[in-house]
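Asks: Below is the file work_23.txt, which contains compact mmCIF, C-alpha atoms.
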# COMPACT_ATOMS: atom_id res chain seq x y z
CA MET A 1 43.55 -31.67 19.04
CA ARG A 2 46.48 -32.62 21.29
CA SER A 3 44.35 -32.40 24.47
CA MET A 4 41.61 -34.47 22.83
CA LEU A 5 44.10 -37.09 21.80
CA THR A 6 45.61 -37.13 25.33
CA ALA A 7 42.18 -37.58 26.88
CA THR A 8 41.43 -40.41 24.49
CA LEU A 9 44.69 -42.18 25.36
CA ILE A 10 44.10 -41.77 29.09
CA PHE A 11 40.60 -43.23 28.68
CA MET A 12 41.96 -46.16 26.70
CA ALA A 13 44.72 -46.81 29.24
CA THR A 14 42.33 -46.67 32.18
CA GLY A 15 39.95 -49.02 30.47
CA ALA A 16 42.74 -51.45 29.68
CA ALA A 17 43.94 -51.54 33.31
CA ALA A 18 40.46 -52.20 34.58
CA GLN A 19 40.01 -54.97 32.06
CA ALA A 20 43.31 -56.55 33.15
CA GLN A 21 42.11 -56.70 36.76
CA LEU A 22 38.73 -58.26 35.93
CA THR A 23 39.75 -60.87 33.29
CA PRO A 24 42.55 -63.41 33.09
CA PRO A 25 45.35 -62.79 30.61
CA SER A 26 44.58 -63.82 27.07
CA THR A 27 46.03 -66.98 25.68
CA ALA A 28 49.06 -66.39 23.55
CA GLY A 29 48.33 -66.34 19.87
CA ALA A 30 44.58 -65.54 20.25
CA LYS A 31 43.20 -62.98 17.76
CA PRO A 32 41.85 -59.69 19.18
CA LYS A 33 38.07 -59.22 19.02
CA GLN A 34 36.93 -56.86 16.21
CA VAL A 35 34.36 -54.18 17.18
CA ALA A 36 32.26 -52.54 14.45
CA THR A 37 31.93 -48.71 14.69
CA VAL A 38 29.33 -46.35 13.10
CA PRO A 39 30.36 -42.76 12.40
CA ILE A 40 28.05 -40.06 13.91
CA ARG A 41 26.91 -37.50 11.35
CA PRO A 42 25.34 -34.12 12.18
CA ALA A 43 21.62 -33.71 11.28
CA LEU A 44 21.05 -32.01 7.92
CA GLN A 45 19.27 -28.61 7.91
CA THR A 46 16.04 -28.69 5.90
CA PRO A 47 14.75 -25.85 3.69
CA THR A 48 12.06 -25.23 6.32
CA ASP A 49 14.78 -24.85 8.96
CA THR A 50 16.55 -22.33 6.72
CA ALA A 51 13.34 -20.35 6.21
CA GLY A 52 12.66 -20.42 9.95
CA ALA A 53 16.07 -18.89 10.63
CA MET A 54 15.23 -15.85 8.45
CA ALA A 55 13.78 -12.61 9.78
CA GLN A 56 10.02 -12.44 9.24
CA THR A 57 10.42 -9.36 7.05
CA GLU A 58 12.58 -11.36 4.66
CA ARG A 59 10.05 -14.22 4.55
CA LEU A 60 7.32 -11.67 3.83
CA ALA A 61 9.38 -10.22 0.99
CA ILE A 62 10.08 -13.66 -0.51
CA GLN A 63 6.43 -14.71 -0.34
CA SER A 64 5.35 -11.43 -1.94
CA ASP A 65 7.95 -11.71 -4.71
CA LEU A 66 6.99 -15.33 -5.40
CA ALA A 67 3.33 -14.28 -5.65
CA TRP A 68 4.19 -11.58 -8.15
CA VAL A 69 6.02 -14.07 -10.41
CA GLY A 70 3.07 -16.45 -10.20
CA GLN A 71 4.62 -19.20 -8.07
CA TYR A 72 2.96 -18.59 -4.68
CA ASN A 73 -0.77 -18.50 -4.05
CA GLY A 74 -0.92 -18.53 -0.25
CA THR A 75 -1.38 -15.85 2.37
CA ILE A 76 1.54 -13.43 2.49
CA SER A 77 2.03 -13.61 6.24
CA GLY A 78 5.75 -14.22 6.74
CA ASP A 79 5.00 -17.56 8.42
CA VAL A 80 7.15 -20.59 7.60
CA SER A 81 5.22 -23.11 5.52
CA GLU A 82 5.74 -26.04 3.16
CA ARG A 83 3.79 -24.04 0.56
CA MET A 84 6.50 -21.38 0.62
CA VAL A 85 9.27 -24.01 0.26
CA GLU A 86 7.46 -25.71 -2.63
CA ALA A 87 6.97 -22.36 -4.33
CA ILE A 88 10.71 -21.72 -4.11
CA LYS A 89 11.41 -25.12 -5.66
CA GLU A 90 8.96 -24.44 -8.51
CA TYR A 91 10.58 -21.07 -9.11
CA GLN A 92 14.03 -22.69 -9.21
CA LYS A 93 12.86 -25.39 -11.64
CA ALA A 94 11.21 -22.80 -13.89
CA GLY A 95 14.56 -21.01 -14.08
CA GLY A 96 16.47 -24.19 -14.90
CA GLY A 97 18.07 -24.42 -11.46
CA LYS A 98 18.28 -27.19 -8.89
CA PRO A 99 15.09 -27.30 -6.75
CA THR A 100 16.68 -27.09 -3.32
CA GLY A 101 13.96 -25.02 -1.66
CA VAL A 102 16.58 -22.50 -0.55
CA LEU A 103 17.35 -19.45 -2.70
CA ASN A 104 21.01 -18.70 -3.28
CA PRO A 105 22.03 -15.00 -3.43
CA LYS A 106 21.84 -14.83 -7.22
CA GLU A 107 18.40 -16.47 -7.34
CA ARG A 108 17.13 -14.14 -4.62
CA GLN A 109 18.33 -11.08 -6.51
CA VAL A 110 16.75 -12.18 -9.79
CA LEU A 111 13.47 -12.98 -8.01
CA ALA A 112 13.34 -9.55 -6.38
CA GLU A 113 14.14 -7.75 -9.64
CA THR A 114 11.52 -9.71 -11.58
CA ALA A 115 8.83 -9.07 -8.97
CA LYS A 116 9.69 -5.36 -8.83
CA ARG A 117 9.46 -5.10 -12.60
CA ARG A 118 6.02 -6.69 -12.59
CA GLN A 119 4.84 -4.40 -9.78
CA ASP A 120 6.02 -1.39 -11.76
CA ASN A 121 4.29 -2.64 -14.91
CA ALA A 122 1.04 -2.94 -12.96
CA GLY A 123 1.50 0.44 -11.22
CA TRP A 124 1.24 -1.22 -7.79
CA LYS A 125 0.61 1.22 -4.95
CA ILE A 126 -0.56 0.86 -1.35
CA ILE A 127 -3.17 3.57 -0.80
CA THR A 128 -5.54 4.74 1.91
CA ASP A 129 -9.06 5.17 0.61
CA ALA A 130 -10.15 8.66 1.60
CA GLY A 131 -13.80 7.67 1.91
CA THR A 132 -13.38 4.78 4.35
CA GLY A 133 -9.84 4.96 5.74
CA ALA A 134 -9.22 1.38 4.51
CA ARG A 135 -5.74 0.50 3.23
CA LEU A 136 -5.43 -1.53 0.06
CA GLY A 137 -3.10 -2.21 -2.84
CA ILE A 138 -4.19 -1.01 -6.28
CA PRO A 139 -2.58 -1.83 -9.69
CA THR A 140 -3.07 1.74 -10.90
CA LYS A 141 -1.85 1.11 -14.47
CA LEU A 142 -4.27 -1.79 -14.94
CA VAL A 143 -7.23 0.13 -13.50
CA PRO A 144 -6.62 3.85 -14.20
CA GLN A 145 -10.27 4.91 -13.98
CA GLN A 146 -11.64 5.64 -10.51
CA THR A 147 -15.03 6.66 -9.20
CA SER A 148 -16.19 7.02 -5.62
CA ASP A 149 -19.19 7.87 -3.50
CA ALA A 150 -20.27 7.52 0.11
CA ASN A 151 -20.73 3.76 -0.36
CA GLY A 152 -17.16 3.06 -1.46
CA ALA A 153 -14.85 3.34 -4.45
CA LYS A 154 -14.35 1.60 -7.78
CA TRP A 155 -11.34 1.25 -10.06
CA SER A 156 -11.57 -0.15 -13.59
CA SER A 157 -9.61 -0.63 -16.80
CA THR A 158 -10.48 1.50 -19.81
CA THR A 159 -12.27 -1.41 -21.46
CA GLY A 160 -13.93 -2.74 -18.29
CA THR A 161 -12.10 -6.08 -18.46
CA ILE A 162 -10.73 -5.54 -14.93
CA GLN A 163 -12.79 -4.03 -12.10
CA ILE A 164 -11.96 -3.52 -8.43
CA GLN A 165 -14.59 -2.41 -5.97
CA LEU A 166 -14.35 -1.45 -2.30
CA SER A 167 -17.84 -1.29 -0.82
CA ARG A 168 -19.11 -0.36 2.62
CA ARG A 169 -22.51 -0.60 4.26
CA LYS A 170 -24.17 -0.73 7.66
CA GLU A 171 -25.70 -4.02 8.73
CA ALA A 172 -27.23 -5.10 12.02
CA ASN A 173 -25.44 -7.96 13.82
CA PRO A 174 -23.30 -9.15 10.90
CA THR A 175 -21.29 -12.39 10.90
CA THR A 176 -18.83 -13.59 8.28
CA ALA A 177 -21.02 -16.64 7.62
CA LYS A 178 -24.07 -14.47 6.86
CA LEU A 179 -22.02 -12.08 4.74
CA ALA A 180 -20.52 -14.94 2.73
CA GLU A 181 -23.95 -16.45 2.03
CA ARG A 182 -25.25 -13.11 0.82
CA GLU A 183 -22.25 -12.57 -1.47
CA LYS A 184 -22.70 -16.04 -2.96
CA LYS A 185 -26.19 -15.04 -4.13
CA GLU A 186 -25.54 -11.44 -5.19
CA PRO A 187 -25.36 -10.75 -8.01
CA ILE A 188 -27.40 -13.62 -9.41
CA GLY A 189 -25.38 -16.04 -11.49
CA ARG A 190 -22.27 -16.37 -9.34
CA ASN A 191 -20.74 -19.84 -9.46
CA VAL A 192 -18.56 -20.19 -6.36
CA ASP A 193 -15.78 -22.79 -6.50
CA TYR A 194 -13.73 -21.73 -3.47
CA THR A 195 -14.95 -20.65 -0.02
CA VAL A 196 -13.14 -19.83 3.23
CA VAL A 197 -15.12 -18.53 6.20
CA LYS A 198 -13.25 -17.53 9.36
CA PRO A 199 -14.64 -15.65 12.37
CA ASP A 200 -12.95 -12.43 11.25
CA PHE A 201 -13.09 -12.63 7.43
CA PHE A 202 -14.37 -14.63 4.46
CA VAL A 203 -13.10 -15.30 0.94
CA LEU A 204 -15.01 -16.42 -2.15
CA SER A 205 -13.86 -16.99 -5.72
CA GLY A 206 -15.28 -18.48 -8.88
CA LEU A 207 -17.05 -17.42 -12.06
CA GLN A 208 -19.54 -14.60 -12.58
CA GLY A 209 -20.84 -14.95 -16.09
CA LEU A 210 -17.75 -15.01 -18.30
CA LYS A 211 -15.58 -13.27 -15.72
CA LYS A 212 -13.64 -14.61 -12.76
CA PHE A 213 -14.25 -13.00 -9.40
CA TYR A 214 -12.57 -12.79 -6.01
CA VAL A 215 -14.29 -11.44 -2.89
CA ARG A 216 -12.79 -10.77 0.55
CA GLY A 217 -14.94 -9.25 3.27
CA THR A 218 -15.08 -8.50 6.97
CA PHE A 219 -16.87 -6.28 9.48
CA LYS A 220 -16.34 -4.22 12.60
CA GLY A 221 -19.34 -3.47 14.75
CA ASP A 222 -22.13 -2.80 12.27
CA GLU A 223 -19.85 -1.64 9.46
CA VAL A 224 -19.23 -4.10 6.61
CA ARG A 225 -16.39 -3.69 4.11
CA ILE A 226 -15.93 -5.91 1.06
CA LEU A 227 -13.23 -6.00 -1.61
CA THR A 228 -14.29 -7.45 -4.98
CA VAL A 229 -12.07 -8.11 -8.01
CA LEU A 230 -13.75 -8.99 -11.30
CA TYR A 231 -11.69 -9.81 -14.40
CA ASP A 232 -11.94 -11.43 -17.83
CA GLN A 233 -10.51 -14.94 -18.04
CA ALA A 234 -8.18 -13.75 -20.81
CA THR A 235 -6.41 -11.52 -18.25
CA GLU A 236 -5.98 -14.33 -15.71
CA ASN A 237 -2.17 -14.62 -15.97
CA THR A 238 -1.80 -10.89 -15.40
CA VAL A 239 -4.44 -10.40 -12.73
CA GLU A 240 -4.19 -13.45 -10.45
CA PRO A 241 -0.77 -12.54 -8.96
CA VAL A 242 -2.20 -9.07 -8.33
CA VAL A 243 -5.26 -10.57 -6.61
CA ILE A 244 -3.03 -12.45 -4.15
CA ALA A 245 -1.11 -9.26 -3.39
CA MET A 246 -4.34 -7.27 -3.00
CA SER A 247 -5.84 -9.84 -0.65
CA SER A 248 -2.80 -9.77 1.62
CA ALA A 249 -2.51 -5.97 1.53
CA PHE A 250 -6.21 -5.34 2.28
CA ASN A 251 -6.65 -3.76 5.71
CA PRO A 252 -10.27 -2.61 5.98
CA PHE A 253 -9.98 -1.26 9.53
CA PRO A 254 -6.41 -0.10 10.21
CA ALA A 255 -5.61 0.02 13.93
CA ASN A 256 -5.76 3.49 15.45
CA ALA A 257 -6.61 4.89 12.04
CA GLY A 258 -9.05 7.52 13.31
CA PRO A 259 -10.88 9.54 10.67
CA PRO A 260 -9.83 8.99 7.06
CA PRO A 261 -6.93 11.23 6.05
CA ARG A 262 -7.78 14.55 4.45
CA LYS A 263 -6.97 14.76 0.77
CA THR A 264 -4.20 17.06 -0.43
CA VAL A 265 -6.68 18.41 -2.99
CA GLU A 266 -10.37 18.05 -2.16
CA TYR A 267 -13.38 18.99 -4.26
CA GLY A 268 -16.81 20.17 -3.19
CA THR A 269 -19.72 22.22 -4.49
CA GLY A 270 -20.70 25.77 -3.60
CA VAL A 271 -23.96 27.66 -4.17
CA VAL A 272 -23.74 31.27 -5.36
CA VAL A 273 -26.17 33.34 -3.25
CA ASN A 274 -25.60 36.96 -4.40
CA ASP A 275 -23.96 39.11 -7.06
CA ASP A 276 -21.21 40.25 -4.69
CA GLY A 277 -19.53 36.84 -4.78
CA ALA A 278 -21.00 35.21 -1.67
CA ILE A 279 -20.99 31.41 -1.84
CA VAL A 280 -22.33 28.86 0.64
CA ALA A 281 -20.21 25.69 0.91
CA ASP A 282 -19.37 22.74 3.15
CA ARG A 283 -17.40 23.80 6.25
CA GLN A 284 -15.47 20.52 6.46
CA ILE A 285 -14.50 20.49 2.78
CA THR A 286 -13.02 23.99 3.19
CA ASP A 287 -11.33 23.32 6.54
CA GLY A 288 -7.52 23.49 6.84
CA CYS A 289 -6.97 24.74 3.28
CA LEU A 290 -3.82 26.56 2.24
CA ALA A 291 -5.87 27.97 -0.62
CA ILE A 292 -9.51 27.81 -1.73
CA ALA A 293 -10.32 28.25 -5.40
CA ILE A 294 -13.63 28.55 -7.25
CA ALA A 295 -13.22 26.90 -10.64
CA GLY A 296 -13.50 29.50 -13.39
CA PHE A 297 -13.44 32.48 -10.99
CA GLY A 298 -10.18 32.34 -9.01
CA ASN A 299 -9.30 32.28 -5.32
CA ALA A 300 -11.82 32.70 -2.51
CA ASP A 301 -11.67 33.67 1.16
CA ARG A 302 -13.54 31.80 3.86
CA VAL A 303 -15.14 34.60 5.86
CA ALA A 304 -17.53 32.78 8.24
CA GLU A 305 -18.58 29.33 9.41
CA ASP A 306 -21.47 27.66 11.19
CA LYS A 307 -20.14 24.68 13.17
CA ASP A 308 -23.60 23.56 14.21
CA HIS A 309 -24.71 23.04 10.63
CA ASP A 310 -21.27 22.57 8.95
CA LEU A 311 -21.76 25.53 6.62
CA ALA A 312 -19.06 27.91 5.39
CA LEU A 313 -19.37 31.31 3.75
CA LEU A 314 -16.89 31.96 0.94
CA ARG A 315 -16.36 35.17 -0.94
CA ILE A 316 -14.76 35.87 -4.31
CA TYR A 317 -13.99 39.40 -5.47
CA GLY A 318 -14.45 41.08 -8.83
CA ALA A 319 -16.17 38.08 -10.39
CA ARG A 320 -18.53 38.55 -13.29
CA GLY A 321 -21.23 36.36 -14.70
CA LEU A 322 -22.42 34.98 -11.40
CA LYS A 323 -25.97 33.63 -11.29
CA PRO A 324 -27.18 33.60 -7.67
CA LEU A 325 -29.75 30.96 -6.81
CA ALA A 326 -33.12 32.10 -5.52
CA LEU A 327 -33.36 30.94 -1.90
CA SER A 328 -37.15 30.76 -1.99
CA ASP A 329 -39.22 29.19 0.75
CA GLY A 330 -39.03 25.59 -0.36
CA ALA A 331 -39.44 22.64 1.98
CA ALA A 332 -37.70 19.28 2.30
CA LYS A 333 -40.52 16.94 1.38
CA ALA A 334 -40.31 13.21 0.73
CA SER A 335 -37.77 13.71 -2.04
CA VAL A 336 -35.51 16.42 -3.45
CA GLU A 337 -33.33 16.99 -6.49
CA VAL A 338 -29.70 17.57 -5.56
CA THR A 339 -27.55 19.55 -8.01
CA GLY A 340 -23.78 19.63 -7.67
CA ILE A 341 -20.47 18.99 -9.40
CA SER A 342 -18.98 15.53 -9.01
CA ASP A 343 -15.30 14.92 -8.24
CA PRO A 344 -13.17 15.11 -11.44
CA GLN A 345 -12.23 11.44 -11.08
CA ASN A 346 -15.90 10.54 -11.39
CA GLN A 347 -16.30 12.32 -14.71
CA GLY A 348 -13.00 11.78 -16.51
CA GLY A 349 -11.56 15.12 -15.44
CA GLY A 350 -14.71 17.05 -16.35
CA ASN A 351 -16.49 19.77 -14.35
CA ALA A 352 -20.11 19.47 -15.45
CA ALA A 353 -22.95 20.05 -13.01
CA SER A 354 -25.49 17.26 -12.70
CA SER A 355 -28.61 16.43 -10.70
CA VAL A 356 -29.69 13.33 -8.78
CA LYS A 357 -32.83 12.39 -6.86
CA ALA A 358 -32.68 11.63 -3.14
CA GLN A 359 -35.16 10.65 -0.46
CA VAL A 360 -35.42 12.70 2.73
CA ALA A 361 -35.97 11.25 6.20
CA GLN A 362 -35.58 12.46 9.77
CA ILE A 363 -32.77 10.94 11.84
CA GLY A 364 -33.76 9.62 15.24
CA GLY A 365 -36.76 11.91 15.54
CA GLY A 366 -34.57 15.02 15.58
CA ASN A 367 -34.22 18.01 13.25
CA GLU A 368 -31.40 16.53 11.16
CA LEU A 369 -32.50 15.20 7.78
CA ALA A 370 -30.83 12.25 6.06
CA LEU A 371 -30.48 11.95 2.28
CA SER A 372 -30.59 8.56 0.61
CA PRO A 373 -28.88 7.49 -1.52
CA ALA A 374 -25.90 9.69 -0.75
CA PRO A 375 -24.75 11.69 -3.80
CA ALA A 376 -21.32 11.24 -5.34
CA VAL A 377 -18.08 12.59 -3.89
CA GLY A 378 -17.77 16.25 -4.89
CA PHE A 379 -21.47 16.97 -4.25
CA SER A 380 -20.95 18.10 -0.66
CA GLY A 381 -22.34 21.65 -0.57
CA ALA A 382 -24.77 21.02 -3.43
CA ALA A 383 -28.14 22.74 -3.79
CA ALA A 384 -31.32 20.76 -3.06
CA LEU A 385 -34.63 21.78 -4.65
CA ASP A 386 -38.05 20.42 -3.75
CA GLY A 387 -40.62 19.02 -6.14
CA ASP A 388 -41.81 22.55 -7.00
CA GLY A 389 -38.30 23.67 -7.95
CA LYS A 390 -37.89 25.76 -4.78
CA PHE A 391 -34.76 25.85 -2.60
CA ALA A 392 -34.94 23.14 0.09
CA GLY A 393 -31.42 23.35 1.53
CA ILE A 394 -27.77 22.35 1.17
CA ALA A 395 -26.69 18.71 0.85
CA LEU A 396 -23.60 17.65 2.80
CA LEU A 397 -21.64 14.40 2.70
CA LYS A 398 -20.57 13.36 6.17
CA PRO A 399 -17.12 11.97 7.05
CA VAL A 400 -17.07 8.21 7.60
CA ILE A 401 -17.28 7.13 11.23
CA VAL A 402 -15.21 3.96 11.49
CA ALA A 403 -17.54 1.41 12.86
CA GLY A 404 -18.71 0.50 16.20
CA PRO A 405 -22.06 -0.51 17.57
CA ALA A 406 -24.50 2.34 17.36
CA THR A 407 -28.17 2.61 18.22
CA THR A 408 -28.71 5.04 15.35
CA PRO A 409 -26.45 4.53 12.31
CA ALA A 410 -24.81 7.74 11.12
CA ALA A 411 -26.20 9.15 7.88
CA GLN A 412 -23.79 9.31 4.97
CA ALA A 413 -25.44 12.45 3.64
CA VAL A 414 -27.62 15.08 5.32
CA LEU A 415 -29.70 18.07 4.30
CA VAL A 416 -29.28 21.43 6.01
CA GLY A 417 -32.70 23.02 5.64
CA ALA A 418 -33.40 26.27 3.80
CA ASP A 419 -34.26 28.14 7.02
CA SER A 420 -30.88 27.29 8.58
CA VAL A 421 -29.06 28.44 5.43
CA ARG A 422 -30.94 31.76 5.32
CA GLU A 423 -30.31 32.40 9.04
CA PHE A 424 -26.58 31.75 8.55
CA LEU A 425 -26.41 34.24 5.69
CA LYS A 426 -28.45 36.86 7.55
CA ALA A 427 -26.19 36.55 10.62
CA ASN A 428 -23.21 37.37 8.41
CA GLY A 429 -24.77 40.33 6.60
CA VAL A 430 -25.35 38.60 3.27
CA ASN A 431 -28.33 39.75 1.23
CA ALA A 432 -29.51 36.68 -0.62
CA GLU A 433 -31.27 38.31 -3.55
CA GLY A 434 -30.76 35.65 -6.19
CA ARG A 435 -33.43 35.16 -8.82
CA SER A 436 -32.12 32.16 -10.74
CA SER A 437 -34.14 28.97 -10.57
CA ASP A 438 -31.53 27.08 -12.60
CA ALA A 439 -29.47 25.25 -9.98
CA LYS A 440 -26.95 24.00 -12.55
CA ALA A 441 -26.11 27.61 -13.45
CA SER A 442 -25.77 28.63 -9.80
CA VAL A 443 -23.45 25.92 -8.44
CA VAL A 444 -19.67 26.15 -8.67
CA ARG A 445 -16.81 23.77 -7.98
CA VAL A 446 -14.94 24.46 -4.74
CA ILE A 447 -11.30 23.33 -4.64
CA CYS A 448 -9.40 23.09 -1.36
CA VAL A 449 -5.61 22.73 -1.52
CA ARG A 450 -3.93 21.48 1.66
CA LYS A 451 -0.31 20.81 2.59
Translate the structure of the given file into structure tokens.
Replies:
Amino acid sequence: MRSMLTATLIFMATGAAAQAQLTPPSTAGAKPKQVATVPIRPALQTPTDTAGAMAQTERLAIQSDLAWVGQYNGTISGDVSERMVEAIKEYQKAGGGKPTGVLNPKERQVLAETAKRRQDNAGWKIITDAGTGARLGIPTKLVPQQTSDANGAKWSSTTGTIQIQLSRRKEANPTTAKLAEREKKEPIGRNVDYTVVKPDFFVLSGLQGLKKFYVRGTFKGDEVRILTVLYDQATENTVEPVVIAMSSAFNPFPANAGPPPRKTVEYGTGVVVNDDGAIVADRQITDGCLAIAIAGFGNADRVAEDKDHDLALLRIYGARGLKPLALSDGAAKASVEVTGISDPQNQGGGNAASSVKAQVAQIGGGNELALSPAPAVGFSGAAALDGDGKFAGIALLKPVIVAGPATTPAAQAVLVGADSVREFLKANGVNAEGRSSDAKASVVRVICVRK
């Protein structure tokens, strides 16, 4: 302060001396000239400035928390925006506070606690879908029922008022514009009131009958993945904050994801082929298992594999009541009946065997046979019978190949022919002497437990 004052005085003295040299002395008694001064004030920091000074992770957290309390309906990106500032003001007004656009420590704490409580009430979890490798957020308490197949997965409430579907399909030369137009028309009766189409994704929302819907989709190569949320209008206050969180969390093609992660517990189907406890199953389902169990019969050993055809030979010991399937000389004709045991999630925890029809077609002119439509998760290793009820082969679900351009799209399910199955068993000393023609009595659930 003293040095500043000294400098000021020196400046004033120097200025006065210069003035005395350039102007004549003032007349005695004249009044000094008054000079008006304006104080300089520092620029005020705006709420946007304050938000911009935050770490992006904190902005992400605030946007997410505001969405969960129903005050923010934008993209949760961590970017500074007027929408975020306005959402903060609305949140402050709703709580009886002053709408400054900047959260004080107490407001921030209450916001975080409220959002966390609502996430817990919804059962919010970020998961990786085992069928596609996509990452998405699911309100598990709102949609406790799950089913899945090779075409995606579905979660729903017990009454069906809330439904979430992740679908996948192959499509030649897709664009987001073409995908959006198709989704507007399917299913019939959609009334779209909001549309966003970007080069890398599209979003639609509106009414579908008496329900509200939200669709977000994208593609990579020839693989299309679409997230759809369908909910009754009566659940709007509960579901809409979740929809915003789901949209922002949806990552259909995670970078460097590779193959979808293997499940800790994975279910498949096995076919009993003799009285000694020999069972043919899917090699990939039974790969890397700490333990393999056959439901109702106990643990099994994997004693042989065929990498070319993805078959595995399992054996259980001391089992009674087995009904080996007759491996008669059937043939994969235009269609087959596939009998297996669906994943427990697809049948409310049950273990019943069931049968589905599938069409058979050659892939790329080779010996591999594709099945369409692909059976449900859990059917891999199921028995396929031809139209005459004779053994036609083993049905296998194939792991998802995360997209890329391909001249021949990969089949989601294939049929290993009866001849290949018999040769595999013969090479491993198994006498397939089954007489049963009842495939439902001859298939068993295979359970693989991994780390």
Asks: Determine the nearest neighbour of Ile162 (chain A) from the options A:Ala312, A:Val242, A:Val273, A:Ala134, counting only C-alpha atoms.
Replies: A:Val242
Asks: At most 9 Å from (0.3, -0.7, -13.0), file frame, only C-alpha atoms: which residues, as a ChimeraX atom specification?
Replies: /A:118-125,138-144
Asks: Expressed in Å to a single decimal, how great is the separation between CA of Asn431 (chain A) and CA of Leu385 (chain A)?
Replies: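 Here the two named atoms are 19.9 Å from each other.
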Asks: Which one of A:Gln284, A:Thr235, A:Asn274, A:Gln45 sits closest to Ala319 (chain A) if you count only C-alpha atoms?
Replies: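 Closest to Ala319 (chain A), using only C-alpha atoms: A:Asn274.
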Asks: Which polymer residues have any atom within 8 Å of an atom of Gln165 (chain A), counting all atoms listed in the file, with same-chain residues fewer than 5 positions away left out, as a list in words?
Replies: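 Skipping anything fewer than 5 positions along the chain leaves Gly152, Ala153, Lys154, Trp155, Ile226, Leu227, Thr228 and Val229 of chain A.
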Asks: Provide the CA of Val271 (chain A) to CA of Gly298 (chain A) distance in Å, to one decimal place.
Replies: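 Separation of CA of Val271 (chain A) and CA of Gly298 (chain A): 15.3 Å.
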Asks: Rounded to one decimal place, report the CA of Gly137 (chain A)-CA of Leu60 (chain A) distance in Å.
Replies: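 Separating CA of Gly137 (chain A) from CA of Leu60 (chain A) is a distance of 15.6 Å.
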Asks: Enclose region 333-350 of chain A, meaning all of its atoms listed in the file, in a box aligned along x, y and z, pad it by 5 Å on each side, and list the centre and edge lengths in Å to one decimal, as lines of an AutoDock Vina configuration file.
Replies:
center_x = -26.0
center_y = 15.1
center_z = -7.6
size_x = 39.0
size_y = 19.1
size_z = 27.9
Asks: Smallest atom-to-atom distance to Lys184 (chain A): which of A:Ala441, A:Val196, A:Leu290, A:Leu204, using only C-alpha atoms?
Replies: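 Once distances to Lys184 (chain A) are computed over only C-alpha atoms, the minimum belongs to A:Leu204.
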Asks: Under the rule that only C-alpha atoms are counted, which of A:Ile447, A:Glu223, A:Glu90, A:Glu433 is the nearest residue to Asp301 (chain A)?
Replies: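 Comparing A:Ile447, A:Glu223, A:Glu90, A:Glu433 against Asp301 (chain A), the winner is A:Ile447.
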Asks: Need the shell around Asp306 (chain A): protein/DNA/RNA residues with any atom at most 12 Å away, counting only C-alpha atoms. Skip same-chain ones fewer than 6 positions apart. Format as an MDAnalysis selection string?
Replies: chainID A and resid 280:284 287 312:313 416 420:425 427:428
